[in-house]
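Here's coords19.txt, which has compact mmCIF, C-alpha atoms:
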```txt
# COMPACT_ATOMS: atom_id res chain seq x y z
CA ILE A 908 99.32 105.51 106.89
CA ALA A 909 96.82 105.52 109.76
CA GLY A 910 94.67 107.85 107.64
CA GLU A 911 94.74 105.33 104.80
CA VAL A 912 93.43 102.62 107.11
CA ALA A 913 90.54 104.89 108.12
CA TRP A 914 89.53 105.81 104.58
CA ARG A 915 89.82 102.22 103.35
CA LEU A 916 87.65 101.12 106.26
CA HIS A 917 85.15 103.87 105.47
CA ASP A 918 85.07 102.66 101.86
CA ALA A 919 84.49 99.08 103.04
CA TYR A 920 81.51 100.33 105.08
CA MET A 921 80.11 102.07 102.01
CA VAL A 922 80.55 99.08 99.71
CA LEU A 923 78.89 96.72 102.21
CA GLN A 924 76.16 99.31 102.76
CA ARG A 925 76.82 99.59 106.50
CA ASP A 926 76.25 102.72 108.55
CA VAL A 927 79.48 104.00 110.11
CA ASP A 928 77.52 105.42 113.07
CA HIS A 929 75.86 102.15 114.11
CA PRO A 930 77.46 99.28 116.00
CA LEU A 931 77.99 96.00 114.17
CA SER A 932 77.59 92.51 115.54
CA GLU A 933 80.75 90.44 115.73
CA ASN A 934 79.82 88.54 112.54
CA HIS A 935 79.16 91.74 110.58
CA ALA A 936 82.33 93.33 111.96
CA MET A 937 84.38 90.31 110.83
CA GLU A 938 82.73 90.43 107.40
CA LEU A 939 83.75 94.08 107.19
CA ILE A 940 87.30 93.27 108.30
CA ASP A 941 87.52 90.48 105.71
CA THR A 942 86.30 92.90 103.04
CA TYR A 943 88.91 95.42 104.13
CA MET A 944 91.64 92.74 104.01
CA THR A 945 90.50 91.70 100.53
CA MET A 946 90.87 95.29 99.42
CA TYR A 947 94.18 95.62 101.26
CA LEU A 948 95.74 92.46 99.82
CA GLY A 949 94.43 93.13 96.32
CA GLY A 950 95.26 96.83 96.24
CA LEU A 951 91.63 97.56 95.30
CA LYS A 952 90.09 101.02 95.31
CA MET A 953 86.70 100.34 96.82
CA THR A 954 85.10 103.54 95.58
CA GLN A 955 85.51 102.37 92.00
CA ILE A 956 83.78 98.99 92.28
CA THR A 957 80.41 97.57 93.23
CA ARG A 958 79.51 95.47 96.24
CA GLU A 959 78.94 92.45 94.00
CA ARG A 960 82.39 92.78 92.43
CA VAL A 961 84.03 93.09 95.86
CA LEU A 962 82.21 89.96 97.04
CA ARG A 963 83.28 88.05 93.88
CA TYR A 964 86.86 89.20 94.35
CA HIS A 965 86.70 88.25 98.03
CA HIS A 966 85.53 84.75 97.07
CA SER A 967 88.32 84.50 94.52
CA ILE A 968 91.07 85.64 96.89
CA THR A 969 89.90 83.37 99.71
CA SER A 970 89.92 80.33 97.44
CA LYS A 971 93.09 81.06 95.41
CA PHE A 972 95.43 83.07 97.63
CA LEU A 973 97.30 80.43 99.61
CA TYR A 974 97.96 82.70 102.56
CA TRP A 975 94.46 84.12 102.98
CA VAL A 976 93.97 81.91 106.04
CA HIS A 977 97.13 83.39 107.59
CA TYR A 978 95.87 86.95 107.14
CA ARG A 979 92.37 86.04 108.30
CA ASN A 980 93.81 84.41 111.43
CA LEU A 981 95.96 87.48 112.02
CA THR A 982 92.86 89.69 112.00
CA ARG A 983 91.04 87.37 114.42
CA GLU A 984 94.00 87.17 116.80
CA THR A 985 94.40 90.93 116.68
CA GLN A 986 90.69 91.41 117.36
CA LEU A 987 91.04 89.24 120.48
CA GLU A 988 94.07 91.28 121.61
CA VAL A 989 92.59 94.71 120.93
CA ALA A 990 88.94 94.11 121.81
CA PRO A 991 88.67 90.95 123.92
CA GLY A 992 85.12 89.87 124.71
CA LYS A 993 83.54 92.62 122.63
CA ARG A 994 80.29 91.56 120.97
CA TYR A 995 79.42 94.80 119.16
CA PHE A 996 81.84 97.01 117.31
CA LEU A 997 81.80 100.68 116.42
CA PHE A 998 83.82 102.20 113.59
CA HIS A 999 86.63 103.21 115.94
CA ASP A 1000 86.82 99.66 117.39
CA ILE A 1001 87.27 98.15 113.93
CA LEU A 1002 89.72 100.91 113.01
CA GLU A 1003 91.81 100.10 116.09
CA ILE A 1004 91.88 96.40 115.11
CA LEU A 1005 92.89 97.17 111.52
CA GLU A 1006 95.56 99.67 112.54
CA ALA A 1007 97.07 96.95 114.78
CA VAL A 1008 96.90 94.45 111.89
CA ASN A 1009 98.57 96.99 109.61
CA GLU A 1010 101.30 97.47 112.19
CA HIS A 1011 101.85 93.69 112.46
CA VAL A 1012 102.12 93.32 108.68
CA GLY A 1013 104.36 96.39 108.36
CA ARG A 1014 106.66 95.21 111.15
CA LEU A 1015 106.90 91.63 109.93
CA GLY A 1016 107.03 92.45 106.23
CA LEU A 1017 105.45 90.27 103.60
CA ASP A 1018 104.80 86.89 105.10
CA ALA A 1019 108.16 85.12 104.93
CA GLY A 1020 106.40 81.76 104.74
CA TYR A 1021 104.75 82.74 101.47
CA CYS A 1022 108.04 83.85 99.95
CA ARG A 1023 109.84 80.73 101.16
CA ASP A 1024 107.08 78.49 99.78
CA VAL A 1025 107.20 80.13 96.35
CA GLU A 1026 110.98 79.81 96.28
CA SER A 1027 110.91 76.18 97.39
CA TRP A 1028 108.31 75.30 94.68
CA LEU A 1029 110.53 76.89 92.07
CA ILE A 1030 113.64 75.14 93.32
CA ARG A 1031 111.76 71.85 93.33
CA ILE A 1032 111.11 72.20 89.59
CA GLU A 1033 114.43 73.91 88.78
CA GLU A 1034 115.91 72.73 85.48
CA ALA A 1035 119.22 71.61 86.98
CA ASN A 1036 120.54 72.06 90.47
CA GLY A 1037 121.89 75.57 90.94
CA THR A 1038 120.91 77.08 87.58
CA GLY A 1039 118.30 79.40 89.08
CA ARG A 1040 116.07 78.66 86.08
CA VAL A 1041 112.84 76.73 85.55
CA ARG A 1042 111.73 75.69 82.07
CA LEU A 1043 108.54 77.55 81.27
CA ARG A 1044 106.71 74.33 80.42
CA ASP A 1045 107.60 72.89 83.87
CA PHE A 1046 106.50 76.16 85.48
CA TYR A 1047 103.03 75.89 83.91
CA ALA A 1048 102.83 72.10 84.31
CA SER A 1049 103.07 72.38 88.09
CA TYR A 1050 99.91 74.53 88.03
CA LEU A 1051 98.08 72.46 85.42
CA ASP A 1052 98.85 69.23 87.28
CA GLY A 1053 97.23 70.75 90.38
CA GLN A 1054 100.48 70.70 92.36
CA THR A 1055 100.19 74.41 93.17
CA LEU A 1056 97.88 77.35 92.60
CA LEU A 1057 100.92 79.46 91.78
CA PHE A 1058 102.53 79.96 88.38
CA GLN A 1059 99.57 81.09 86.30
CA GLN A 1060 100.96 84.34 84.92
CA ARG A 1061 100.84 84.86 81.18
CA VAL A 1062 104.05 84.79 79.13
CA GLN A 1063 103.77 88.48 78.20
CA TYR A 1064 103.40 89.44 81.87
CA LEU A 1065 106.46 87.38 82.81
CA ARG A 1066 108.37 88.96 79.93
CA ASP A 1067 107.30 92.47 80.99
CA GLN A 1068 108.43 91.74 84.55
CA GLY A 1069 111.90 90.66 83.37
CA VAL A 1070 111.32 87.11 84.57
CA LEU A 1071 111.84 85.20 81.31
CA ASP A 1072 115.18 84.05 79.96
CA GLU A 1073 114.55 83.73 76.22
CA SER A 1074 118.18 83.36 75.21
CA GLU A 1075 117.16 79.97 73.84
CA PRO A 1076 113.80 80.84 72.19
CA SER A 1077 112.63 77.22 71.84
CA VAL A 1078 113.03 76.63 75.61
CA PRO A 1079 112.15 79.79 77.53
CA ARG A 1080 112.95 79.71 81.24
CA VAL A 1081 111.73 81.49 84.35
CA ILE A 1082 114.57 83.16 86.28
CA ILE A 1083 113.91 82.24 89.93
CA PRO A 1084 115.31 85.37 91.67
CA ASN A 1085 113.55 87.67 89.19
CA TYR A 1086 110.27 85.81 89.68
CA LEU A 1087 110.53 86.14 93.46
CA GLY A 1088 111.30 89.84 93.20
CA MET A 1089 108.62 90.77 90.68
CA ARG A 1090 105.88 93.26 91.52
CA GLY A 1091 103.23 90.53 91.58
CA HIS A 1092 104.64 89.28 94.88
CA CYS A 1093 104.10 92.59 96.63
CA LEU A 1094 101.31 93.77 98.90
CA ASN A 1095 100.11 97.32 98.33
CA VAL A 1096 99.87 98.18 102.01
CA SER A 1097 99.94 101.92 101.49
CA THR A 1098 100.20 104.58 98.83
CA LEU A 1099 103.63 105.20 100.36
CA TYR A 1100 105.12 101.70 100.14
CA SER A 1101 104.60 98.04 99.24
CA LEU A 1102 105.92 94.92 100.93
CA CYS A 1103 107.70 92.46 98.65
CA CYS A 1104 109.56 89.13 98.87
```

Take the structure from the file and write it as C-alpha cells.
Amino acid sequence: IAGEVAWRLHDAYMVLQRDVDHPLSENHAMELIDTYMTMYLGGLKMTQITRERVLRYHHSITSKFLYWVHYRNLTRETQLEVAPGKRYFLFHDILEILEAVNEHVGRLGLDAGYCRDVESWLIRIEEANGTGRVRLRDFYASYLDGQTLLFQQRVQYLRDQGVLDESEPSVPRVIIPNYLGMRGHCLNVSTLYSLCC
C-alpha cells in the first residue's frame, strides 16, 4: 500500500507539472496534497487524465462532497504532526505526510460521521417509522429542494446496486440498508481494498 501512495503522488506531480526533484513551497505542496486527495477519494487514475480535467474534478469534489473539508483538515493536521514548521517540501516529505494520512484513514475506516449523516437523512425521510424504505420521489425531492447534496443517483444505477424495492412498480422505494452498503459509499483507498459504510 505504501508503494501505491508513492506512485499516486508521483502521478500527481506529473499532472500538476511539478518536478519531483525540486522542493515545493508550502502552498504548492498543499495544492499537490489536495490533488492527491482528490484522486484518492475519487479513485482516479491520474495517468489517464489531463491536468485540466483533474482541476475540474477537484473543483467538483470540493464543492459537492460534504466531507471534503474533513479530509482536507486531516491532511493539514497530519502535515503539522509530521513536518511541523517546514516551509519547503521535498517529494519524500509529502510522501511521509500522505502515508500518515493513509494510515489514519485506514485505521479509522470510512468517516463514520459521513455514514451516520447519510443514514440519518434517509431515516428522516423514511416512508413510515421502521420500514427501512424511502419513497423514491421523497429521496429525489430532498436533493431537489436543496436539503442535501446527496441522493442524486439515477434510477438505473440504484437498480443495478440492488437499492430499489420495485415490488410496487408505481411507488418504487429506496431500501435504506442497501443504499448505505452500496459501492458508491466506498473509498478506493488501495487496489487491495476499499473502505465502505

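Between Trp1028 in chain A and the candidates A:Trp975, A:Ile1083, A:Ala936, A:Thr969, the tightest atom-to-atom separation, counting only C-alpha atoms, involves A:Ile1083.
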
Legend entry - Between CA of Cys1093 in chain A and CA of Tyr1021 in chain A, distance in Å (one decimal):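 Between CA of Cys1093 in chain A and CA of Tyr1021 in chain A the gap is 11.0 Å.
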
Inset, instruction - Check the smallest atom-to-atom distance from each of A:Leu1087, A:Leu987, A:Ile1001, A:Leu962 to Ile1030 in chain A using only C-alpha atoms, then report the winner. - result: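 Closest residue, counting only C-alpha atoms: A:Leu1087.
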
Legend entry - Point-to-point distance in Å for CA of Val961 in chain A and CA of Asp918 in chain A: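 That distance, rounded to one decimal, is 11.3 Å.
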
Legend entry - CA of Met944 in chain A to CA of Ala990 in chain A, distance in Å rounded to a single decimal: 18.1 Å

Legend entry - A:His999, A:Arg960, A:His1011, A:Arg1044 ranked by distance to Thr985 in chain A, top pick (using all atoms listed in the file):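 For Thr985 in chain A, the nearest of the candidates is A:His1011.
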
Inset, instruction - Select, counting all atoms listed in the file, all protein, DNA and RNA residues no farther than 12 Å from (114.5, 86.6, 79.8) in file coordinates, and express the selection as a count of residues only. - result: 28

Inset, instruction - For each of A:Phe998, A:Arg1061, A:Thr1038, A:Thr982, take the minimum atom-to-atom distance to Arg925 in chain A, counting only C-alpha atoms, then give the residue where this is smallest. - result: A:Phe998

If we count only C-alpha atoms and set the cut-off at 7 Å, which residues sit around Arg915 in chain A, ignoring sequence neighbours fewer than 4 positions away in its own chain? Please answer as a PDB file with C-alpha atoms, in the frame of the given file.
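Once written, part.pdb looks like this:
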```
ATOM      1  CA  GLU A 911      94.740 105.330 104.800  1.00  0.00           C
ATOM      2  CA  ALA A 919      84.490  99.080 103.040  1.00  0.00           C
ATOM      3  CA  TYR A 943      88.910  95.420 104.130  1.00  0.00           C
TER       4      TYR A 943
END
```

Legend entry - Nearest residue to Asp1024 in chain A from the set A:Arg963, A:Phe996, A:Cys1104, A:Ile940 (distances using all atoms listed in the file): A:Cys1104

Legend entry - Residue nearest Lys993 in chain A - candidates A:Leu931, A:Ile956, A:Cys1022, A:Leu1102, atoms counted: only C-alpha atoms: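 That would be A:Leu931, the residue with the smallest distance to Lys993 in chain A.
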